[in-house]
file entry15.cif (mmCIF, C-alpha atoms)
data_my_file
#
loop_
_atom_site.label_atom_id
_atom_site.label_comp_id
_atom_site.auth_asym_id
_atom_site.auth_seq_id
_atom_site.Cartn_x
_atom_site.Cartn_y
_atom_site.Cartn_z
CA MET A 1 61.54 68.35 -5.28
CA ASP A 2 62.91 66.52 -8.38
CA ALA A 3 60.66 64.13 -10.30
CA ALA A 4 61.16 60.37 -9.80
CA PRO A 5 63.74 58.88 -12.22
CA ASP A 6 61.33 56.32 -13.70
CA ALA A 7 58.46 58.77 -14.23
CA ALA A 8 56.81 58.39 -17.63
CA PRO A 9 56.62 61.47 -19.85
CA PRO A 10 53.31 63.34 -19.61
CA ARG A 11 50.67 62.37 -22.17
CA GLU A 12 49.08 64.87 -24.44
CA PRO A 13 45.54 65.77 -23.32
CA SER A 14 42.82 63.77 -25.02
CA ALA A 15 40.77 65.47 -27.68
CA HIS A 16 37.70 64.64 -25.62
CA ARG A 17 39.05 66.26 -22.47
CA SER A 18 39.58 69.99 -22.09
CA PRO A 19 42.75 71.06 -20.31
CA SER A 20 42.16 72.68 -16.93
CA THR A 21 43.76 75.86 -18.19
CA HIS A 22 40.77 76.27 -20.51
CA ALA A 23 38.21 76.07 -17.69
CA GLY A 24 35.86 79.02 -17.60
CA PRO A 25 35.43 81.29 -14.54
CA SER A 26 32.28 79.43 -13.49
CA THR A 27 34.26 76.22 -12.90
CA GLN A 28 37.13 77.80 -10.96
CA ARG A 29 37.11 77.24 -7.22
CA ALA A 30 37.69 80.01 -4.71
CA SER A 31 41.20 80.12 -3.31
CA PRO A 32 41.82 79.40 0.39
CA THR A 33 42.36 83.12 0.90
CA GLN A 34 39.01 83.95 -0.70
CA ARG A 35 37.24 81.29 1.35
CA GLY A 36 38.90 82.55 4.52
CA GLN A 37 37.87 86.12 3.77
CA ALA A 38 34.32 85.05 3.01
CA LYS A 39 34.17 83.19 6.33
CA GLU A 40 35.51 86.22 8.21
CA ASN A 41 32.99 88.47 6.47
CA ARG A 42 30.18 86.14 7.57
CA ARG A 43 31.52 86.12 11.11
CA GLN A 44 31.60 89.91 11.19
CA ALA A 45 28.06 90.02 9.81
CA LEU A 46 26.92 87.76 12.65
CA LEU A 47 28.62 89.97 15.25
CA SER A 48 27.03 93.09 13.76
CA ALA A 49 23.62 91.41 13.76
CA ALA A 50 24.16 90.27 17.35
CA ALA A 51 25.00 93.80 18.52
CA SER A 52 21.82 95.15 16.97
CA LEU A 53 19.52 92.34 18.12
CA PHE A 54 20.93 92.09 21.64
CA ALA A 55 20.69 95.88 22.03
CA VAL A 56 17.03 95.95 21.01
CA ASN A 57 15.73 92.70 22.49
CA GLY A 58 18.26 91.60 25.09
CA PHE A 59 20.54 88.57 24.95
CA ASN A 60 18.02 86.14 26.43
CA ARG A 61 15.29 86.96 23.91
CA VAL A 62 17.43 86.43 20.81
CA SER A 63 17.81 82.94 19.32
CA LEU A 64 20.48 81.55 17.05
CA GLU A 65 17.83 81.43 14.34
CA ASP A 66 17.28 85.17 14.81
CA LEU A 67 21.01 85.79 14.48
CA GLY A 68 21.32 83.65 11.40
CA ALA A 69 18.33 85.25 9.71
CA ALA A 70 19.68 88.75 10.37
CA ALA A 71 23.05 87.77 8.87
CA GLY A 72 21.55 85.88 5.92
CA VAL A 73 22.31 82.33 7.05
CA SER A 74 20.38 79.52 8.71
CA GLY A 75 20.41 79.11 12.46
CA PRO A 76 22.53 75.92 12.39
CA ALA A 77 25.05 77.67 10.12
CA VAL A 78 25.95 79.95 13.03
CA TYR A 79 27.74 76.95 14.57
CA ARG A 80 30.30 77.10 11.78
CA HIS A 81 31.55 80.32 13.34
CA PHE A 82 30.63 80.13 17.04
CA PRO A 83 30.00 77.20 19.41
CA GLY A 84 26.87 78.89 20.77
CA LYS A 85 25.05 82.14 21.50
CA GLN A 86 27.11 82.91 24.59
CA ALA A 87 30.26 82.67 22.49
CA VAL A 88 28.82 85.30 20.15
CA LEU A 89 28.27 87.65 23.09
CA ALA A 90 31.77 86.95 24.41
CA ASP A 91 33.40 87.58 21.05
CA LEU A 92 31.45 90.83 20.68
CA LEU A 93 32.44 92.28 24.06
CA VAL A 94 35.98 90.91 24.30
CA THR A 95 36.79 92.07 20.78
CA VAL A 96 35.52 95.60 21.31
CA SER A 97 37.38 95.83 24.64
CA GLN A 98 40.59 94.78 22.92
CA GLU A 99 39.98 97.32 20.14
CA LEU A 100 39.56 100.09 22.70
CA LEU A 101 42.78 99.17 24.47
CA ASP A 102 44.76 98.86 21.24
CA GLY A 103 43.31 102.12 19.94
CA GLY A 104 44.09 103.97 23.16
CA LEU A 105 47.69 102.76 23.16
CA GLU A 106 48.05 103.82 19.53
CA VAL A 107 46.67 107.29 20.29
CA VAL A 108 49.21 107.79 23.08
CA ALA A 109 52.07 106.48 20.92
CA ARG A 110 51.20 109.00 18.21
CA ASN A 111 50.89 111.92 20.62
CA PRO A 112 53.85 112.29 23.00
CA ASP A 113 52.50 115.61 24.29
CA PRO A 114 50.11 114.68 27.15
CA ALA A 115 47.64 117.50 26.45
CA SER A 116 47.36 116.43 22.83
CA ALA A 117 47.15 112.77 23.85
CA LEU A 118 44.25 113.52 26.20
CA ARG A 119 42.32 115.42 23.54
CA CYS A 120 42.85 112.58 21.08
CA LEU A 121 41.81 109.95 23.64
CA VAL A 122 38.58 111.86 24.23
CA ALA A 123 37.96 112.11 20.48
CA PHE A 124 38.68 108.37 20.13
CA GLN A 125 36.19 107.48 22.87
CA VAL A 126 33.54 109.79 21.41
CA ASP A 127 34.01 108.14 18.01
CA PHE A 128 33.43 104.78 19.65
CA ALA A 129 30.31 105.93 21.52
CA LEU A 130 28.76 107.53 18.44
CA GLY A 131 29.78 104.69 16.14
CA LYS A 132 28.89 101.66 18.27
CA PRO A 133 26.01 102.62 20.56
CA ASP A 134 24.52 99.12 20.33
CA VAL A 135 27.66 97.58 21.81
CA ILE A 136 27.45 99.98 24.76
CA ARG A 137 23.85 98.94 25.41
CA VAL A 138 24.80 95.27 25.25
CA GLN A 139 27.71 95.80 27.65
CA ASP A 140 25.47 97.63 30.13
CA ARG A 141 22.66 95.10 30.07
CA ASP A 142 24.09 91.71 29.17
CA PHE A 143 27.56 91.64 30.71
CA SER A 144 26.29 89.26 33.40
CA ASN A 145 25.38 86.71 30.70
CA LEU A 146 29.05 86.15 29.96
CA SER A 147 30.87 83.24 31.55
CA GLU A 148 33.07 84.11 34.54
CA GLN A 149 36.16 83.63 32.39
CA ASP A 150 34.90 86.01 29.71
CA GLN A 151 33.79 88.56 32.31
CA ALA A 152 37.32 88.51 33.71
CA ALA A 153 38.80 88.97 30.24
CA VAL A 154 36.58 91.98 29.50
CA ARG A 155 37.29 93.54 32.91
CA SER A 156 41.04 93.09 32.49
CA LEU A 157 41.08 94.72 29.06
CA GLN A 158 38.90 97.61 30.21
CA LEU A 159 40.95 98.21 33.35
CA ASN A 160 44.08 98.37 31.23
CA TYR A 161 42.31 100.88 28.98
CA VAL A 162 41.51 103.03 32.01
CA GLU A 163 45.17 102.96 33.00
CA VAL A 164 46.12 104.34 29.58
CA TRP A 165 44.03 107.41 30.41
CA VAL A 166 45.31 107.60 33.98
CA ALA A 167 48.94 107.60 32.80
CA VAL A 168 48.23 110.59 30.55
CA LEU A 169 46.31 112.44 33.26
CA ALA A 170 49.15 111.84 35.71
CA LYS A 171 51.49 113.78 33.44
CA LEU A 172 49.07 116.71 33.34
CA ARG A 173 48.27 116.56 37.06
CA PRO A 174 51.36 115.11 38.75
CA ASP A 175 50.22 116.25 42.22
CA THR A 176 46.84 114.47 42.01
CA GLU A 177 46.33 111.09 43.63
CA ILE A 178 45.98 108.15 41.26
CA GLY A 179 42.64 107.23 42.83
CA GLU A 180 41.21 110.62 41.89
CA LEU A 181 42.57 110.34 38.35
CA ARG A 182 40.86 106.96 37.94
CA MET A 183 37.62 108.48 39.22
CA ARG A 184 37.89 111.26 36.65
CA ALA A 185 38.48 108.72 33.87
CA HIS A 186 35.55 106.53 34.90
CA ALA A 187 33.26 109.55 35.24
CA THR A 188 34.24 110.66 31.76
CA PHE A 189 33.50 107.24 30.29
CA GLY A 190 30.08 107.40 31.92
CA LEU A 191 29.46 110.82 30.42
CA ILE A 192 30.53 109.83 26.91
CA ASN A 193 29.01 106.35 26.94
CA SER A 194 25.63 107.70 28.00
CA THR A 195 25.29 108.78 24.36
CA PRO A 196 23.08 105.83 23.33
CA HIS A 197 20.61 106.82 26.06
CA SER A 198 20.81 110.60 26.17
CA VAL A 199 21.72 111.91 22.73
CA ARG A 200 18.19 112.60 21.64
CA SER A 201 16.29 115.72 20.69
CA HIS A 202 12.50 115.57 21.01
CA GLY A 203 12.56 111.84 20.37
CA ARG A 204 15.03 112.02 17.51
CA LYS A 205 18.71 111.22 17.43
CA MET A 206 20.96 114.24 17.76
CA ALA A 207 23.20 114.69 14.72
CA SER A 208 26.75 113.47 15.30
CA ARG A 209 28.18 116.76 14.09
CA SER A 210 26.35 118.49 16.94
CA ALA A 211 26.89 115.80 19.57
CA ARG A 212 30.60 115.29 18.93
CA PRO A 213 32.00 118.74 19.90
CA LEU A 214 29.62 118.97 22.85
CA LEU A 215 30.70 115.60 24.22
CA GLU A 216 34.37 116.32 23.66
CA ASN A 217 34.25 119.68 25.44
CA MET A 218 32.23 118.28 28.35
CA ALA A 219 34.60 115.34 28.70
CA LEU A 220 37.71 117.53 28.75
CA ALA A 221 36.08 119.81 31.31
CA ALA A 222 35.30 116.82 33.54
CA LEU A 223 38.83 115.46 33.24
CA LEU A 224 40.60 118.75 33.96
CA VAL A 225 38.22 120.59 36.31
CA GLU A 226 39.85 121.91 39.45
CA ALA A 227 38.89 119.96 42.54
CA PRO A 228 37.26 122.09 45.25
CA GLU A 229 39.15 122.70 48.45
CA PRO A 230 38.06 120.34 51.24
CA GLY A 231 35.62 121.93 53.67
CA PRO A 232 36.35 122.58 57.35
#
call {"tool": "encode", "arguments": {"input": "entry15.cif", "output": "structure tokens"}}
result
Amino acid sequence: MDAAPDAAPPREPSAHRSPSTHAGPSTQRASPTQRGQAKENRRQALLSAAASLFAVNGFNRVSLEDLGAAAGVSGPAVYRHFPGKQAVLADLLVTVSQELLDGGLEVVARNPDPASALRCLVAFQVDFALGKPDVIRVQDRDFSNLSEQDQAAVRSLQLNYVEVWVAVLAKLRPDTEIGELRMRAHATFGLINSTPHSVRSHGRKMASRSARPLLENMALAALLVEAPEPGP
């Protein structure tokens, strides 16, 4: 936009006033982008703390003050990011469900061969189970603490994720009923997602490098095992 016609020429800065261009780093304000990133980092820290605390203590035994302390902020500061504790739980479970769906779709898009796609889906799910065991515990125990709307959102995302697997299985087993393929997918999720409860060795966590190939091979076997002939 052009300057107004009657605008007076700019005055030279006073000798007693330092131009803003000479301001040191300590007086510079963070840009909107930096502030936005800092806020998102704090939000992610709160979600990470929530996953850990909810997994250990349960949703109902964790306060906003506990969440804030674990993320390095005060309890009331949590409200800058979430309207309440239930919203934290919802964000945690809805977000991870969306990530699973998006990741599954990406795996299939990168692997047009169905056998390769299935192997990569299994590897993707194993990565999730080994990398986010706390979220699996929270889902198992505290799903009922979500609002009905958030429960429906999580279910919808997870059902769509199942269908990603079913579509791949249907290409490998075109003569198998869809209901059986869904059962195979759900059974495989149960096998892999039991990791937070069962991957232990004499009270210690089993190393991921040992657990990963075992889980992947077991999952593929469960998905592709031949169904027995029906009895008489």
call {"tool": "resolve_selection", "arguments": {"input": "entry15.cif", "expression": "the PyMOL selection byres ((chain A and resi 70) around 10)", "output": "list in words"}}
result
Ala45, Leu46, Ser48, Ala49, Ala50, Ser52, Leu53, Leu64, Glu65, Asp66, Leu67, Gly68, Ala69, Ala71, Gly72, Val73, Ser74 and Gly75 of chain A
call {"tool": "closest_residue", "arguments": {"input": "entry15.cif", "among": "A:Ala109, A:Val78, A:Leu93, A:Leu223", "to": "Asp134 in chain A", "atoms": "all atoms listed in the file"}}
result
A:Leu93
call {"tool": "closest_residue", "arguments": {"input": "entry15.cif", "among": "A:Asp91, A:Asp127, A:Glu163, A:Glu180", "to": "Asp150 in chain A", "atoms": "all atoms listed in the file"}}
result
A:Asp91
call {"tool": "atom_distance", "arguments": {"input": "entry15.cif", "atom1": "CA of Gln149 in chain A", "atom2": "CA of Asp102 in chain A"}}
result
20.7 Å
call {"tool": "resolve_selection", "arguments": {"input": "entry15.cif", "expression": "the PyMOL selection byres ((chain A and resi 89) around 10)", "output": "compact mmCIF listing (two decimals) with C-alpha atoms, keeping the file's coordinate frame"}}
result
# COMPACT_ATOMS: atom_id res chain seq x y z
CA LEU A 47 28.62 89.97 15.25
CA ALA A 50 24.16 90.27 17.35
CA ALA A 51 25.00 93.80 18.52
CA PHE A 54 20.93 92.09 21.64
CA PHE A 59 20.54 88.57 24.95
CA PHE A 82 30.63 80.13 17.04
CA GLY A 84 26.87 78.89 20.77
CA LYS A 85 25.05 82.14 21.50
CA GLN A 86 27.11 82.91 24.59
CA ALA A 87 30.26 82.67 22.49
CA VAL A 88 28.82 85.30 20.15
CA ALA A 90 31.77 86.95 24.41
CA ASP A 91 33.40 87.58 21.05
CA LEU A 92 31.45 90.83 20.68
CA LEU A 93 32.44 92.28 24.06
CA VAL A 94 35.98 90.91 24.30
CA THR A 95 36.79 92.07 20.78
CA VAL A 138 24.80 95.27 25.25
CA GLN A 139 27.71 95.80 27.65
CA ASP A 142 24.09 91.71 29.17
CA PHE A 143 27.56 91.64 30.71
CA ASN A 145 25.38 86.71 30.70
CA LEU A 146 29.05 86.15 29.96
CA SER A 147 30.87 83.24 31.55
CA ASP A 150 34.90 86.01 29.71
call {"tool": "residues_around", "arguments": {"input": "entry15.cif", "residues": "Arg141 in chain A", "least_positions_apart": "5", "cutoff": "9 Å", "atoms": "only C-alpha atoms", "output": "ChimeraX atom specification"}}
result
/A:55,58-59,136
call {"tool": "resolve_selection", "arguments": {"input": "entry15.cif", "expression": "the PyMOL selection byres ((chain A and resi 116-126) around 7)", "output": "count of residues only"}}
result
17
call {"tool": "atom_distance", "arguments": {"input": "entry15.cif", "atom1": "CA of Ser97 in chain A", "atom2": "CA of Met183 in chain A"}}
result
19.3 Å
call {"tool": "atom_distance", "arguments": {"input": "entry15.cif", "atom1": "CA of Leu105 in chain A", "atom2": "CA of Leu157 in chain A"}}
result
12.0 Å
call {"tool": "axis_aligned_box", "arguments": {"input": "entry15.cif", "around": "range 184-195 of chain A", "padding_each_side": "3 Å", "output": "JSON"}}
result
{"center_x": 31.9, "center_y": 108.8, "center_z": 30.5, "size_x": 19.2, "size_y": 10.9, "size_z": 18.3}
call {"tool": "closest_residue", "arguments": {"input": "entry15.cif", "among": "A:Ser144, A:Ser63, A:Gln151, A:Asn160", "to": "Gln98 in chain A", "atoms": "all atoms listed in the file"}}
result
A:Asn160
call {"tool": "closest_residue", "arguments": {"input": "entry15.cif", "among": "A:His81, A:Leu224, A:Pro230, A:Leu215", "to": "Lys171 in chain A", "atoms": "only C-alpha atoms"}}
result
A:Leu224
call {"tool": "closest_residue", "arguments": {"input": "entry15.cif", "among": "A:Gly131, A:Pro228, A:Gly190, A:Pro83", "to": "Ala211 in chain A", "atoms": "only C-alpha atoms"}}
result
A:Gly131
call {"tool": "closest_residue", "arguments": {"input": "entry15.cif", "among": "A:Tyr161, A:Thr195, A:Ala153, A:Asn217", "to": "Lys132 in chain A", "atoms": "only C-alpha atoms"}}
result
A:Thr195
call {"tool": "build_atoms", "arguments": {"input": "entry15.cif", "residues": "range 143-158 of chain A", "atoms": "N, CA, C and O atoms", "output": "PDB file, in the frame of the given file"}}
result
ATOM      1  N   PHE A 143      26.245  92.064  30.241  1.00  0.00           N
ATOM      2  CA  PHE A 143      27.560  91.640  30.710  1.00  0.00           C
ATOM      3  C   PHE A 143      27.449  90.415  31.615  1.00  0.00           C
ATOM      4  O   PHE A 143      28.282  89.508  31.557  1.00  0.00           O
ATOM      5  N   SER A 144      26.436  90.367  32.450  1.00  0.00           N
ATOM      6  CA  SER A 144      26.290  89.260  33.400  1.00  0.00           C
ATOM      7  C   SER A 144      26.005  87.928  32.710  1.00  0.00           C
ATOM      8  O   SER A 144      26.116  86.870  33.336  1.00  0.00           O
ATOM      9  N   ASN A 145      25.632  87.946  31.432  1.00  0.00           N
ATOM     10  CA  ASN A 145      25.380  86.710  30.700  1.00  0.00           C
ATOM     11  C   ASN A 145      26.658  86.071  30.161  1.00  0.00           C
ATOM     12  O   ASN A 145      26.599  84.979  29.596  1.00  0.00           O
ATOM     13  N   LEU A 146      27.779  86.749  30.313  1.00  0.00           N
ATOM     14  CA  LEU A 146      29.050  86.150  29.960  1.00  0.00           C
ATOM     15  C   LEU A 146      29.458  85.108  30.992  1.00  0.00           C
ATOM     16  O   LEU A 146      29.052  85.180  32.158  1.00  0.00           O
ATOM     17  N   SER A 147      30.294  84.168  30.589  1.00  0.00           N
ATOM     18  CA  SER A 147      30.870  83.240  31.550  1.00  0.00           C
ATOM     19  C   SER A 147      31.817  84.019  32.470  1.00  0.00           C
ATOM     20  O   SER A 147      32.252  85.134  32.146  1.00  0.00           O
ATOM     21  N   GLU A 148      32.156  83.438  33.613  1.00  0.00           N
ATOM     22  CA  GLU A 148      33.070  84.110  34.540  1.00  0.00           C
ATOM     23  C   GLU A 148      34.420  84.382  33.878  1.00  0.00           C
ATOM     24  O   GLU A 148      35.031  85.436  34.090  1.00  0.00           O
ATOM     25  N   GLN A 149      34.876  83.457  33.067  1.00  0.00           N
ATOM     26  CA  GLN A 149      36.160  83.630  32.390  1.00  0.00           C
ATOM     27  C   GLN A 149      36.107  84.815  31.414  1.00  0.00           C
ATOM     28  O   GLN A 149      37.030  85.635  31.358  1.00  0.00           O
ATOM     29  N   ASP A 150      35.014  84.912  30.671  1.00  0.00           N
ATOM     30  CA  ASP A 150      34.900  86.010  29.710  1.00  0.00           C
ATOM     31  C   ASP A 150      34.673  87.344  30.416  1.00  0.00           C
ATOM     32  O   ASP A 150      35.157  88.383  29.957  1.00  0.00           O
ATOM     33  N   GLN A 151      33.949  87.328  31.524  1.00  0.00           N
ATOM     34  CA  GLN A 151      33.790  88.560  32.310  1.00  0.00           C
ATOM     35  C   GLN A 151      35.158  89.050  32.774  1.00  0.00           C
ATOM     36  O   GLN A 151      35.449  90.254  32.716  1.00  0.00           O
ATOM     37  N   ALA A 152      35.985  88.125  33.236  1.00  0.00           N
ATOM     38  CA  ALA A 152      37.320  88.510  33.710  1.00  0.00           C
ATOM     39  C   ALA A 152      38.161  89.067  32.577  1.00  0.00           C
ATOM     40  O   ALA A 152      38.913  90.038  32.761  1.00  0.00           O
ATOM     41  N   ALA A 153      38.035  88.490  31.390  1.00  0.00           N
ATOM     42  CA  ALA A 153      38.800  88.970  30.240  1.00  0.00           C
ATOM     43  C   ALA A 153      38.386  90.390  29.867  1.00  0.00           C
ATOM     44  O   ALA A 153      39.236  91.248  29.605  1.00  0.00           O
ATOM     45  N   VAL A 154      37.083  90.646  29.845  1.00  0.00           N
ATOM     46  CA  VAL A 154      36.580  91.980  29.500  1.00  0.00           C
ATOM     47  C   VAL A 154      37.029  92.991  30.559  1.00  0.00           C
ATOM     48  O   VAL A 154      37.499  94.084  30.230  1.00  0.00           O
ATOM     49  N   ARG A 155      36.895  92.625  31.832  1.00  0.00           N
ATOM     50  CA  ARG A 155      37.290  93.540  32.910  1.00  0.00           C
ATOM     51  C   ARG A 155      38.780  93.876  32.815  1.00  0.00           C
ATOM     52  O   ARG A 155      39.180  95.031  32.988  1.00  0.00           O
ATOM     53  N   SER A 156      39.606  92.876  32.568  1.00  0.00           N
ATOM     54  CA  SER A 156      41.040  93.090  32.490  1.00  0.00           C
ATOM     55  C   SER A 156      41.394  94.055  31.360  1.00  0.00           C
ATOM     56  O   SER A 156      42.187  94.995  31.539  1.00  0.00           O
ATOM     57  N   LEU A 157      40.812  93.844  30.204  1.00  0.00           N
ATOM     58  CA  LEU A 157      41.080  94.720  29.060  1.00  0.00           C
ATOM     59  C   LEU A 157      40.610  96.147  29.350  1.00  0.00           C
ATOM     60  O   LEU A 157      41.309  97.127  29.049  1.00  0.00           O
ATOM     61  N   GLN A 158      39.442  96.275  29.956  1.00  0.00           N
ATOM     62  CA  GLN A 158      38.900  97.610  30.210  1.00  0.00           C
ATOM     63  C   GLN A 158      39.663  98.330  31.310  1.00  0.00           C
ATOM     64  O   GLN A 158      39.841  99.551  31.251  1.00  0.00           O
TER      65      GLN A 158
END
